[in-house]
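> Contents of start19.pdb (PDB, C-alpha atoms) are below:
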ATOM      1  CA  LYS A 322      11.748 -45.186   8.680
ATOM      2  CA  ASN A 323      10.854 -48.898   8.866
ATOM      3  CA  GLY A 324      12.487 -49.567   5.498
ATOM      4  CA  ASN A 325       9.257 -50.313   3.632
ATOM      5  CA  ALA A 326       9.641 -48.469   0.323
ATOM      6  CA  ASP A 327       5.924 -48.852  -0.355
ATOM      7  CA  LEU A 328       5.191 -46.601   2.609
ATOM      8  CA  LYS A 329       7.456 -43.757   1.590
ATOM      9  CA  PRO A 330       5.727 -40.359   1.351
ATOM     10  CA  CYS A 331       5.427 -38.784  -2.084
ATOM     11  CA  THR A 332       5.157 -35.230  -3.330
ATOM     12  CA  VAL A 333       1.379 -35.408  -3.070
ATOM     13  CA  ALA A 334       1.561 -36.476   0.574
ATOM     14  CA  PHE A 335       4.085 -33.776   1.429
ATOM     15  CA  SER A 336       1.973 -31.168  -0.377
ATOM     16  CA  ALA A 337      -1.110 -32.226   1.569
ATOM     17  CA  VAL A 338       0.756 -31.635   4.839
ATOM     18  CA  MET A 339       2.027 -28.330   3.465
ATOM     19  CA  ASP A 340      -1.534 -27.307   2.654
ATOM     20  CA  GLY A 341      -2.454 -28.073   6.266
ATOM     21  CA  TRP A 342       0.220 -25.694   7.550
ATOM     22  CA  ALA A 343      -1.028 -23.037   5.132
ATOM     23  CA  ARG A 344      -4.562 -23.400   6.466
ATOM     24  CA  LEU A 345      -3.357 -23.211  10.067
ATOM     25  CA  SER A 346      -1.137 -20.169   9.582
ATOM     26  CA  ASN A 347      -2.336 -16.799  10.895
ATOM     27  CA  VAL A 348      -1.000 -13.801  12.815
ATOM     28  CA  ASP A 349      -1.442 -15.708  16.076
ATOM     29  CA  LYS A 350       0.271 -18.825  14.737
ATOM     30  CA  PRO A 351       3.144 -17.587  12.546
ATOM     31  CA  GLU A 352       5.070 -20.720  13.488
ATOM     32  CA  ALA A 353       2.922 -22.591  10.962
ATOM     33  CA  ALA A 354       4.693 -20.666   8.195
ATOM     34  CA  THR A 355       8.033 -21.625   9.742
ATOM     35  CA  ARG A 356       7.006 -25.289   9.670
ATOM     36  CA  ALA A 357       5.945 -24.926   6.030
ATOM     37  CA  LEU A 358       9.358 -23.499   5.123
ATOM     38  CA  ALA A 359      11.123 -26.318   6.968
ATOM     39  CA  LEU A 360       9.033 -28.895   5.116
ATOM     40  CA  LEU A 361       9.841 -27.242   1.787
ATOM     41  CA  ASN A 362      13.554 -27.493   2.544
ATOM     42  CA  ARG A 363      13.142 -31.160   3.445
ATOM     43  CA  MET A 364      11.347 -31.821   0.163
ATOM     44  CA  LYS A 365      14.208 -30.178  -1.731
ATOM     45  CA  GLU A 366      16.625 -32.555   0.005
ATOM     46  CA  LEU A 367      14.505 -35.498  -1.166
ATOM     47  CA  GLU A 368      14.294 -34.288  -4.772
ATOM     48  CA  SER A 369      16.453 -37.159  -6.056
ATOM     49  CA  GLU A 370      14.073 -39.668  -4.459
ATOM     50  CA  GLY A 371      11.048 -38.271  -6.247
ATOM     51  CA  MET A 372       9.698 -36.300  -3.302
ATOM     52  CA  GLY A 373      10.601 -32.798  -4.415
ATOM     53  CA  PRO A 374       8.239 -29.801  -4.386
ATOM     54  CA  ASN A 375       5.955 -28.819  -7.235
ATOM     55  CA  ALA A 376       4.125 -25.592  -8.077
ATOM     56  CA  ARG A 377       1.255 -26.423  -5.724
ATOM     57  CA  THR A 378       3.748 -26.920  -2.886
ATOM     58  CA  TYR A 379       5.131 -23.436  -3.396
ATOM     59  CA  THR A 380       1.624 -21.969  -3.491
ATOM     60  CA  SER A 381       0.963 -23.418  -0.043
ATOM     61  CA  VAL A 382       4.214 -21.993   1.321
ATOM     62  CA  PHE A 383       3.435 -18.555  -0.094
ATOM     63  CA  THR A 384      -0.050 -18.722   1.405
ATOM     64  CA  ALA A 385       1.326 -19.721   4.814
ATOM     65  CA  LEU A 386       3.753 -16.803   4.716
ATOM     66  CA  ALA A 387       1.042 -14.354   3.658
ATOM     67  CA  LYS A 388      -1.326 -15.438   6.432
ATOM     68  CA  SER A 389       1.417 -15.225   9.072
ATOM     69  CA  GLY A 390       1.442 -11.435   8.703
ATOM     70  CA  THR A 391       5.065 -11.102   9.804
ATOM     71  CA  TRP A 392       7.360  -8.296   8.721
ATOM     72  CA  GLU A 393       9.712 -10.515   6.735
ATOM     73  CA  ALA A 394       7.055 -12.803   5.190
ATOM     74  CA  CYS A 395       6.653 -10.868   1.939
ATOM     75  CA  GLU A 396      10.393 -10.745   1.314
ATOM     76  CA  LYS A 397      10.776 -14.460   2.047
ATOM     77  CA  ALA A 398       7.927 -15.239  -0.343
ATOM     78  CA  ARG A 399       9.451 -13.058  -3.061
ATOM     79  CA  ASP A 400      12.876 -14.700  -2.656
ATOM     80  CA  LEU A 401      11.324 -18.171  -2.820
ATOM     81  CA  LEU A 402       9.484 -17.239  -5.982
ATOM     82  CA  GLN A 403      12.775 -16.154  -7.536
ATOM     83  CA  GLU A 404      14.262 -19.538  -6.592
ATOM     84  CA  MET A 405      11.259 -21.256  -8.144
ATOM     85  CA  GLU A 406      11.724 -19.258 -11.361
ATOM     86  CA  LYS A 407      15.428 -20.178 -11.482
ATOM     87  CA  ASP A 408      14.760 -23.880 -10.947
ATOM     88  CA  TYR A 409      12.139 -23.821 -13.692
ATOM     89  CA  LYS A 410      14.575 -22.175 -16.114
ATOM     90  CA  ASP A 411      17.193 -24.779 -15.146
ATOM     91  CA  GLY A 412      14.951 -27.543 -16.435
ATOM     92  CA  GLN A 413      12.450 -28.385 -13.695
ATOM     93  CA  ALA A 414       9.381 -27.973 -15.900
ATOM     94  CA  TRP A 415       6.989 -28.924 -13.079
ATOM     95  CA  LEU A 416       7.967 -25.714 -11.266
ATOM     96  CA  ARG A 417       6.691 -23.369 -13.958
ATOM     97  CA  PRO A 418       5.159 -20.452 -12.033
ATOM     98  CA  SER A 419       1.886 -18.836 -12.980
ATOM     99  CA  VAL A 420      -0.291 -15.966 -11.824
ATOM    100  CA  ILE A 421      -1.475 -18.252  -9.002
ATOM    101  CA  GLN A 422       1.932 -18.225  -7.336
ATOM    102  CA  TYR A 423       2.479 -14.546  -8.110
ATOM    103  CA  ASN A 424      -0.862 -13.610  -6.566
ATOM    104  CA  ALA A 425      -0.001 -15.602  -3.453
ATOM    105  CA  VAL A 426       3.231 -13.612  -3.068
ATOM    106  CA  LEU A 427       1.387 -10.367  -3.732
ATOM    107  CA  LEU A 428      -1.000 -11.298  -0.924
ATOM    108  CA  ALA A 429       2.000 -11.530   1.410
ATOM    109  CA  PHE A 430       2.742  -7.870   0.643
ATOM    110  CA  ALA A 431      -0.915  -6.900   1.091
ATOM    111  CA  ARG A 432      -1.130  -8.578   4.505
ATOM    112  CA  SER A 433       2.247  -7.459   5.820
ATOM    113  CA  PRO A 434       2.540  -5.032   8.776
ATOM    114  CA  ARG A 435       4.560  -2.607   6.640
ATOM    115  CA  ALA A 436       3.203   0.919   6.297
ATOM    116  CA  ASP A 437       4.470   1.080   2.703
ATOM    117  CA  LYS A 438       2.758  -2.170   1.676
ATOM    118  CA  ALA A 439       0.818  -0.481  -1.141
ATOM    119  CA  LEU A 440       4.003   0.861  -2.733
ATOM    120  CA  LYS A 441       5.785  -2.491  -2.442
ATOM    121  CA  ALA A 442       2.752  -4.343  -3.814
ATOM    122  CA  ALA A 443       2.534  -1.936  -6.759
ATOM    123  CA  GLU A 444       6.213  -2.533  -7.570
ATOM    124  CA  PHE A 445       5.643  -6.273  -7.494
ATOM    125  CA  MET A 446       2.622  -6.011  -9.783
ATOM    126  CA  LYS A 447       4.734  -4.109 -12.315
ATOM    127  CA  LEU A 448       7.040  -7.123 -12.431
ATOM    128  CA  MET A 449       4.018  -9.280 -13.175
ATOM    129  CA  SER A 450       2.817  -6.922 -15.921
ATOM    130  CA  ASN A 451       6.225  -7.079 -17.619
ATOM    131  CA  HIS A 452       6.751 -10.803 -17.138
ATOM    132  CA  PRO A 453       7.815 -12.602 -20.330
ATOM    133  CA  ASP A 454       5.490 -15.518 -19.555
ATOM    134  CA  PRO A 455       1.827 -14.569 -20.186
ATOM    135  CA  LEU A 456       0.770 -17.067 -17.504
ATOM    136  CA  CYS A 457       2.337 -14.824 -14.852
ATOM    137  CA  ARG A 458       0.667 -11.564 -15.820
ATOM    138  CA  PRO A 459      -2.018  -9.854 -13.689
ATOM    139  CA  ASP A 460      -5.635 -10.957 -13.529
ATOM    140  CA  THR A 461      -8.647  -9.658 -11.601
ATOM    141  CA  ILE A 462      -7.401 -11.253  -8.377
ATOM    142  CA  THR A 463      -4.086  -9.425  -8.807
ATOM    143  CA  LEU A 464      -5.773  -6.044  -9.068
ATOM    144  CA  ASN A 465      -8.081  -6.768  -6.139
ATOM    145  CA  THR A 466      -5.113  -7.834  -4.024
ATOM    146  CA  LEU A 467      -3.276  -4.611  -4.836
ATOM    147  CA  LEU A 468      -6.413  -2.689  -3.813
ATOM    148  CA  MET A 469      -6.425  -4.690  -0.583
ATOM    149  CA  ALA A 470      -2.840  -3.578   0.099
ATOM    150  CA  CYS A 471      -3.905   0.037  -0.413
ATOM    151  CA  ALA A 472      -6.980  -0.355   1.780
ATOM    152  CA  ASN A 473      -4.821  -1.602   4.661
ATOM    153  CA  ALA A 474      -2.011   0.932   4.202
ATOM    154  CA  PHE A 475      -1.152   3.452   6.906
ATOM    155  CA  GLY A 476       1.639   5.798   7.947
ATOM    156  CA  SER A 477       2.343   9.470   7.283
ATOM    157  CA  ASP A 478      -0.002  11.735   5.340
ATOM    158  CA  GLU A 479       2.413  11.590   2.409
ATOM    159  CA  LEU A 480       2.432   7.802   2.437
ATOM    160  CA  LYS A 481      -1.362   7.675   2.671
ATOM    161  CA  THR A 482      -1.638  10.022  -0.294
ATOM    162  CA  LYS A 483       0.688   7.831  -2.369
ATOM    163  CA  SER A 484      -1.224   4.712  -1.337
ATOM    164  CA  PHE A 485      -4.555   6.225  -2.319
ATOM    165  CA  ARG A 486      -3.145   7.339  -5.658
ATOM    166  CA  ILE A 487      -2.209   3.721  -6.337
ATOM    167  CA  ALA A 488      -5.698   2.631  -5.281
ATOM    168  CA  SER A 489      -7.340   5.199  -7.575
ATOM    169  CA  ASP A 490      -5.227   4.220 -10.576
ATOM    170  CA  THR A 491      -5.826   0.524  -9.954
ATOM    171  CA  PHE A 492      -9.565   0.993  -9.510
ATOM    172  CA  ARG A 493      -9.809   3.088 -12.665
ATOM    173  CA  ASN A 494      -7.824   0.563 -14.709
ATOM    174  CA  THR A 495      -9.986  -2.299 -13.447
ATOM    175  CA  ILE A 496     -13.160  -0.473 -14.490
ATOM    176  CA  LEU A 497     -11.706   0.343 -17.918
ATOM    177  CA  LEU A 498     -10.570  -3.238 -18.479
ATOM    178  CA  GLY A 499     -14.034  -4.445 -17.528
ATOM    179  CA  ALA A 500     -15.490  -2.314 -20.313
ATOM    180  CA  ASP A 501     -13.143  -3.917 -22.863
ATOM    181  CA  ASP A 502     -14.807  -6.936 -24.472
ATOM    182  CA  THR A 503     -11.380  -8.414 -25.285
ATOM    183  CA  SER A 504     -10.221  -8.330 -21.654
ATOM    184  CA  ALA A 505     -10.709 -11.126 -19.124
ATOM    185  CA  ILE A 506     -10.180  -8.626 -16.299
ATOM    186  CA  GLY A 507     -12.975  -6.629 -14.743
ATOM    187  CA  PRO A 508     -14.378  -5.384 -11.439
ATOM    188  CA  THR A 509     -16.071  -7.571  -8.855
ATOM    189  CA  SER A 510     -17.816  -6.664  -5.614
ATOM    190  CA  THR A 511     -14.454  -7.168  -3.904
ATOM    191  CA  THR A 512     -12.978  -4.439  -6.114
ATOM    192  CA  PHE A 513     -15.515  -1.972  -4.727
ATOM    193  CA  VAL A 514     -15.100  -3.193  -1.142
ATOM    194  CA  HIS A 515     -11.354  -2.584  -1.127
ATOM    195  CA  PHE A 516     -11.575   0.763  -2.902
ATOM    196  CA  CYS A 517     -14.288   2.023  -0.544
ATOM    197  CA  LYS A 518     -12.132   0.981   2.405
ATOM    198  CA  ALA A 519      -9.101   2.703   0.895
ATOM    199  CA  ALA A 520     -11.074   5.930   0.420
ATOM    200  CA  ARG A 521     -12.469   5.692   3.940
ATOM    201  CA  ARG A 522      -9.091   5.181   5.598
ATOM    202  CA  LEU A 523      -6.716   7.210   3.416
ATOM    203  CA  ILE A 524      -8.657  10.401   2.581
ATOM    204  CA  SER A 525      -8.636  12.772   5.557
ATOM    205  CA  GLY A 526     -11.184  15.355   4.422
ATOM    206  CA  PRO A 527     -14.844  14.241   4.763
ATOM    207  CA  PRO A 528     -16.143  16.344   1.827
ATOM    208  CA  GLN A 529     -13.717  14.813  -0.679
ATOM    209  CA  ARG A 530     -14.095  11.348   0.822
ATOM    210  CA  HIS A 531     -17.895  11.494   0.672
ATOM    211  CA  LEU A 532     -17.888  12.820  -2.883
ATOM    212  CA  ILE A 533     -15.676   9.985  -4.081
ATOM    213  CA  LEU A 534     -17.669   7.342  -2.226
ATOM    214  CA  ARG A 535     -20.958   8.698  -3.590
ATOM    215  CA  LYS A 536     -19.647   8.256  -7.154
ATOM    216  CA  VAL A 537     -18.282   4.800  -6.333
ATOM    217  CA  LEU A 538     -21.593   3.643  -4.836
ATOM    218  CA  LEU A 539     -23.451   4.873  -7.910
ATOM    219  CA  LEU A 540     -21.040   3.036 -10.211
ATOM    220  CA  CYS A 541     -21.282  -0.097  -8.070
ATOM    221  CA  CYS A 542     -25.068  -0.085  -8.432
ATOM    222  CA  GLU A 543     -24.770   0.481 -12.185
ATOM    223  CA  LYS A 544     -22.480  -2.553 -12.453
ATOM    224  CA  GLY A 545     -24.885  -4.694 -10.397
ATOM    225  CA  LEU A 546     -22.105  -5.399  -7.880
ATOM    226  CA  LEU A 547     -23.581  -3.976  -4.688
ATOM    227  CA  ASN A 548     -23.353  -6.252  -1.640
ATOM    228  CA  HIS A 549     -23.477  -5.890   2.130
ATOM    229  CA  VAL A 550     -19.710  -5.410   2.525
ATOM    230  CA  VAL A 551     -19.607  -2.524   0.030
ATOM    231  CA  VAL A 552     -22.463  -0.852   1.909
ATOM    232  CA  GLN A 553     -20.768  -1.492   5.244
ATOM    233  CA  GLN A 554     -17.547   0.206   4.143
ATOM    234  CA  ALA A 555     -19.502   3.229   2.909
ATOM    235  CA  GLN A 556     -21.510   3.418   6.136
ATOM    236  CA  LEU A 557     -18.312   3.352   8.206
ATOM    237  CA  ALA A 558     -17.180   6.501   6.412
ATOM    238  CA  CYS A 559     -20.143   8.437   7.820
ATOM    239  CA  GLN A 560     -20.486   9.947  11.270
ATOM    240  CA  ASN A 561     -24.235  10.355  11.248
ATOM    241  CA  ALA A 562     -27.423   9.759   9.275
ATOM    242  CA  GLU A 563     -27.176  13.134   7.537
ATOM    243  CA  GLU A 564     -23.769  12.285   6.064
ATOM    244  CA  TRP A 565     -25.070   8.898   4.974
ATOM    245  CA  SER A 566     -28.062  10.498   3.287
ATOM    246  CA  GLU A 567     -25.806  12.857   1.330
ATOM    247  CA  MET A 568     -23.449  10.065   0.289
ATOM    248  CA  ALA A 569     -25.847   7.214  -0.419
ATOM    249  CA  GLY A 570     -28.103   8.976  -2.897
ATOM    250  CA  ASP A 571     -30.979   6.735  -4.006
ATOM    251  CA  LEU A 572     -29.611   3.939  -1.836
ATOM    252  CA  VAL A 573     -30.821   5.745   1.288
ATOM    253  CA  GLN A 574     -34.401   4.873   0.298
ATOM    254  CA  TYR A 575     -33.584   1.220   0.973
ATOM    255  CA  ILE A 576     -30.830   1.268   3.601
ATOM    256  CA  GLY A 577     -30.459   3.686   6.508
ATOM    257  CA  TRP A 578     -27.173   4.795   8.044
ATOM    258  CA  LYS A 579     -27.073   1.794  10.380
ATOM    259  CA  GLY A 580     -29.630  -0.216   8.452
ATOM    260  CA  THR A 581     -29.317  -3.871   7.509
ATOM    261  CA  PHE A 582     -28.557  -4.886   3.942
ATOM    262  CA  GLN A 583     -31.318  -6.969   2.371
ATOM    263  CA  ALA A 584     -30.598  -7.828  -1.253
ATOM    264  CA  THR A 585     -34.199  -8.848  -1.914
ATOM    265  CA  SER A 586     -35.430  -5.365  -0.995
ATOM    266  CA  LEU A 587     -33.129  -3.622  -3.470
ATOM    267  CA  PRO A 588     -33.609  -3.068  -7.207
ATOM    268  CA  PRO A 589     -32.393  -6.341  -8.780
ATOM    269  CA  GLN A 590     -30.187  -4.530 -11.287
ATOM    270  CA  TRP A 591     -28.085  -3.217  -8.397
ATOM    271  CA  VAL A 592     -27.156  -6.666  -7.090
ATOM    272  CA  CYS A 593     -27.470  -8.956 -10.127
ATOM    273  CA  ASN A 594     -23.701  -9.476 -10.484
ATOM    274  CA  ALA A 595     -22.767  -9.300  -6.817
ATOM    275  CA  ARG A 596     -21.665 -12.934  -6.627
ATOM    276  CA  ARG A 597     -18.931 -12.378  -9.181
TER     277      ARG A 597
END
Please express what this file holds, its structure, as structure tokens.

Amino acid sequence: KNGNADLKPCTVAFSAVMDGWARLSNVDKPEAATRALALLNRMKELESEGMGPNARTYTSVFTALAKSGTWEACEKARDLLQEMEKDYKDGQAWLRPSVIQYNAVLLAFARSPRADKALKAAEFMKLMSNHPDPLCRPDTITLNTLLMACANAFGSDELKTKSFRIASDTFRNTILLGADDTSAIGPTSTTFVHFCKAARRLISGPPQRHLILRKVLLLCCEKGLLNHVVVQQAQLACQNAEEWSEMAGDLVQYIGWKGTFQATSLPPQWVCNARR
């Protein structure tokens, strides 16, 4: 404003402010996402002066929208991503999207208040899977984010059933990809956390729910991915110590129904990959 060209903000400076709004955004402060969108529009106006947005800028906006948890956030993020794609195809090479931006938009679906979030997230992931640019195709974070959408889904019994079917297919595919030596995708502890939560919240019948969770806990231990959050989700699915004993299998020797997780007290092969 004082006319000193040396003090003009640049894309890096604008992006740093944008990152601040993304960090501040949450369901109690959705206005932070609004400020991020306003700043993005201002940067577009200053494109000719070398202060336009880049891919990192868009990532921050998508993150702010996702964390705001508003109804329209996921649709706004998706529309912005389409604009980003168009600008890249029109010659703005610095706006080439990647799986980073796509995952940020997918997170907006996963954290939305929509009951059908799992279905919408699954549709979006299909777009990623069929994307012509390999840089935009799903990775482990993508699959975990889709599982997160399923784990937080709600609504009618029919909608819950559809959401859990998506969770089951996604979980199964993640496990299979992890067994493929040519694949960079595979399960992490987060994969098991979200699937256990999905089973706990979306399956109404305790017998079926406990049977599935028993198999999942066994597989988690086999993969060395057991951590305290996986155990917590499984414990929450039980009403008493007897149910926990039936579900936990060998794990019950180390952790009671309301017991505390202590990695050092468990067989090391159960937790050896839990930081992945």
> So that I can see what lies close to Val348 (chain A), please list as a VMD selection string the residues with an atom at most 7 Å from it, counting all atoms listed in the file and leaving out residues fewer than 2 positions away in the same chain.
chain A and resid 350 to 351 388 to 390
> Quick one: residues within 10 Å of Gly570 (chain A), all atoms listed in the file counted, chain neighbours fewer than 2 positions away excluded, as a list in words?
Arg535, Lys536, Leu538, Leu539, Trp565, Ser566, Glu567, Met568, Leu572, Val573 and Gln574 of chain A
> Within 12 Å of Gln403 (chain A), counting all atoms listed in the file, which residues show up once you throw out same-chain ones fewer than 5 positions away? Write them as a PDB file with C-alpha atoms, in the frame of the given file, please.

ATOM      1  CA  TYR A 379       5.131 -23.436  -3.396  1.00  0.00           C
ATOM      2  CA  GLU A 396      10.393 -10.745   1.314  1.00  0.00           C
ATOM      3  CA  LYS A 397      10.776 -14.460   2.047  1.00  0.00           C
ATOM      4  CA  ALA A 398       7.927 -15.239  -0.343  1.00  0.00           C
ATOM      5  CA  ASP A 408      14.760 -23.880 -10.947  1.00  0.00           C
ATOM      6  CA  TYR A 409      12.139 -23.821 -13.692  1.00  0.00           C
ATOM      7  CA  LYS A 410      14.575 -22.175 -16.114  1.00  0.00           C
ATOM      8  CA  LEU A 416       7.967 -25.714 -11.266  1.00  0.00           C
ATOM      9  CA  ARG A 417       6.691 -23.369 -13.958  1.00  0.00           C
ATOM     10  CA  PRO A 418       5.159 -20.452 -12.033  1.00  0.00           C
ATOM     11  CA  GLN A 422       1.932 -18.225  -7.336  1.00  0.00           C
ATOM     12  CA  TYR A 423       2.479 -14.546  -8.110  1.00  0.00           C
ATOM     13  CA  VAL A 426       3.231 -13.612  -3.068  1.00  0.00           C
ATOM     14  CA  LEU A 448       7.040  -7.123 -12.431  1.00  0.00           C
TER      15      LEU A 448
END
> I'd like to see the residues matched by the PyMOL selection byres ((chain A and resi 484-490) around 8) on this file, and ideally I'd get them as a ChimeraX atom specification.
/A:437,439-440,443,467-468,471-472,474,480-483,491-494,516,519-520,523-524
> Which residue gives the smallest distance to Phe430 (chain A) among A:Thr461, A:Cys542, A:Glu404, A:Phe383, with only C-alpha atoms counted?
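Closest residue, counting only C-alpha atoms: A:Phe383.
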> Could you tell me which of A:Leu367, A:Leu464, A:Val420, A:Leu358 comes closest to Gly499 (chain A) if we count all atoms listed in the file?
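When distances to Gly499 (chain A) are compared using all atoms listed in the file, the smallest one comes from A:Leu464.
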> Using the chain letters and numbers from this file, what does the PyMOL selection byres ((chain A and resi 425) around 12) select? Give the answer as a PyMOL selection string.
chain A and resi 343+376-388+394-395+398-399+401-402+418-424+426-432+442+445-446+457+459+462-463+466-467
> Between A:Ala500, A:Cys331, A:Glu564, A:Leu456, single out the one closest to Ser369 (chain A), counting only C-alpha atoms.
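Going through A:Ala500, A:Cys331, A:Glu564, A:Leu456 one by one, the smallest distance to Ser369 (chain A) is for A:Cys331.
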> Let me make sure I understand: among A:His452, A:Ala562, A:Asp411, A:Gln529, which one has the smallest atom-to-atom distance to Gly580 (chain A) if we use all atoms listed in the file?
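Distance minimum relative to Gly580 (chain A) lands on A:Ala562.
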> In Å to one decimal, how far is CA of Ser336 (chain A) from CA of Ala357 (chain A)?
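Taking CA of Ala357 (chain A) as the start and CA of Ser336 (chain A) as the end point, the length is 9.8 Å.
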